[in-house]
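Below is one structure, written out as structure tokens, with a few remarks after it.
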Amino acid sequence: MAQVGTTGEELGGAYLSALSAQVRARHGRHYTPVDLAEQLWAMTRRALDHGVGPRRLTGLVRDPACGAGALLLPALREHLAALRRADPRMILATLPSVIEGVDADPAAVWLANVVLAAEALPVLAAVPAPGRRPLSLLATCGDGLAPVGRLARAVVMNPPYGRVRLDPVERKRFAPFLYGHANLYGLFLAAGLESLDDQGILSALVPTSFTAGRYFASLRGALAQNAPLRELTFVADRDGVFSGVLQETCLATFTRRKPRKAAVYTSNGHVTPVASVPSPRDSGPWLLPRRADDAPVAAAAANMPLTLADASWRVSTGPLVWNRRRQDLHTMPGAGRFPVLWAADIDGGRLHRDSARDRLRYLRTRDDADRLVMTLSEPAIVVQRTTAPEQARRIVAVELSADDLADWGGRIVVENHVNVLRPTTTSPALSRSALARLLATPTLDRVMRCLA
């Protein structure tokens, strides 16, 4: 049996690793690596103007999804170091006013109280024996999304993630932050924003999807207006932060002080400065460079207002969700069957039939209405809907000409990992071939890499 370390971080990691994958997935629980916890506090203390050397906390630091307390440990350690010459009784008596954790998992809360109390044991030992009292509990079991009675100077979090269904009361409360379905980590960011005092700092380890995804537009707008982005660090390693999912991750710090600029960094074992960019002030996708040489590209793109809609083009997602039509997918052609265009069929920016998809190559349509919804019979541009940072290109687009359609039988079914671009007028500002060439340029690829 492997030996478990006894630091607070090691105990927290051991506890989470002991949970089943099903429990972690169901509740969105995940471990915060030590280096990221320390880095998030470093970003927070910069926003608090702590400067060089330990500084005592002058307001409450709260983690509404504290787990075993990993994100509270750096703040607590700095506070105790700054007060090492103060009256130990005063230090212990005031700890609950500066450190607070909340979590729905009773076992995690118990462990958080153990590891946080362990940090305070040397202070307790400095109190004369007759005056010693049990240490205060700094973490409590509860709902981290619940409205708070006491505003925080800083909220730090590595919140749970996953889609969640809201009741009418909750949906009304979070309506200003929502567009479409709700994600837990977006709700925690919204609740964290609500709980800040007038100088408050919100710091979070979250997926980068909130910076550009449509479902997070309202949240971006609320953050931009009430606590704009101050600093963001992209975590280069997409594996190992969120349990069981390959997910681009970032550390983000927001402040009530409304900075003009936001500092962007990358973290890959060490932190590297990327650029200083204008702090976003709207709900649109935030263009944030991942590399220093992309900063001019992002800045230029942010000042170019033309969209696909302005150029008379519209985008739709392929209608075939294959696992909902499994019984209608076939290997061979037949009556009422049409060939399926899969995302793999446009790998490399060229139209072909990927042999790995041939087993599910044809969809049987059920009637005329189904055929009308499911098939495409006009020239278009097809684009892979999901790509990864590691790919050679983030925009993989192919022009689907009339001749291409004819080669595929004149009518195709587009699977929903492919987007379809079609003109809204007979004379769009950009022709189909011109738009396809534009999407294939290195410049547009770099712009796409500035979006999550």
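Going through the structure tokens in order, the chains are called A, B, and so on, while each chain numbers its residues from 1 and the ligands are numbered from 1 in the order shown.
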
Legend entry - Spatial neighbours of stretch 218-232 of chain A, max dist 7 Å, only C-alpha atoms, sep filter under 5 positions, as a ChimeraX atom specification: /A:176-179,190,250-256,258-259,261-265,279-283

Since we have the selection now, will you write its residues out, keeping C-alpha atoms, as a CSV table (one decimal), in the first residue's frame?
```csv
chain,number,residue,atom,x,y,z
A,176,PRO,CA,-28.7,38.0,-15.1
A,177,PHE,CA,-25.8,35.5,-15.5
A,178,LEU,CA,-27.4,32.9,-17.7
A,179,TYR,CA,-27.9,32.2,-21.3
A,190,ALA,CA,-21.8,34.4,-10.3
A,250,CYS,CA,-7.1,28.9,-16.7
A,251,LEU,CA,-6.6,30.8,-13.5
A,252,ALA,CA,-8.5,34.1,-13.6
A,253,THR,CA,-8.6,37.1,-11.2
A,254,PHE,CA,-11.3,39.7,-11.3
A,255,THR,CA,-11.4,42.9,-9.2
A,256,ARG,CA,-14.0,45.5,-8.2
A,258,LYS,CA,-12.0,48.0,-12.6
A,259,PRO,CA,-8.5,47.9,-14.1
A,261,LYS,CA,-5.5,46.4,-18.5
A,262,ALA,CA,-5.4,42.6,-17.9
A,263,ALA,CA,-2.1,40.7,-17.7
A,264,VAL,CA,-2.1,37.3,-19.6
A,265,TYR,CA,0.3,34.5,-18.7
A,279,SER,CA,-9.5,44.4,-19.8
A,280,PRO,CA,-12.7,43.2,-21.6
A,281,ARG,CA,-15.7,45.4,-21.0
A,282,ASP,CA,-18.5,43.5,-22.8
A,283,SER,CA,-20.2,40.1,-23.1
```

Inset, instruction - Would you mind listing what lies within 10 Å of A:Arg150 as a PyMOL selection string, with only C-alpha atoms counted and same-chain residues fewer than 2 positions away left out? - result: chain A and resi 60+97+147-148+152-153+195-197

Legend entry - Separation of atom CA of A:Ile395 from atom CA of A:Leu444 in Å: 7.8 Å

Inset, instruction - Compare A:Ala452, A:Val114, A:Leu72, A:Leu341 by their minimum atom-to-atom distance to A:Pro285, counting only C-alpha atoms, and give me the closest one. - result: A:Ala452

Inset, instruction - Mind checking which residues fall within 9 Å of A:Phe188, counting only C-alpha atoms, ignoring those fewer than 5 positions away in the same chain, and posting them as number ranges by chain? - result: A: 64-65, 144-145, 157, 159-160, 183, 193

Could those residues be written to a file, using C-alpha atoms, as a JSON list (two decimals), in the first residue's frame?
```
[["chain", "number", "residue", "atom", "x", "y", "z"],
["A", 64, "PRO", "CA", -17.39, 28.46, -1.41],
["A", 65, "ALA", "CA", -16.32, 25.04, -2.72],
["A", 144, "GLY", "CA", -21.63, 27.36, -1.52],
["A", 145, "LEU", "CA", -24.17, 28.99, -3.84],
["A", 157, "MET", "CA", -12.41, 28.79, -5.81],
["A", 159, "PRO", "CA", -15.63, 25.13, -8.29],
["A", 160, "PRO", "CA", -17.48, 21.99, -9.30],
["A", 183, "ASN", "CA", -23.20, 25.12, -15.59],
["A", 193, "LEU", "CA", -19.23, 38.01, -7.69]]
```

Inset, instruction - Write out as number ranges by chain which residues come within 10 Å of A:Leu57 when counting only C-alpha atoms, dropping same-chain ones fewer than 2 positions away. - result: A: 45, 48, 50, 54-55, 59-61, 75-76, 78-80, 82-83, 95, 97-99, 153-154
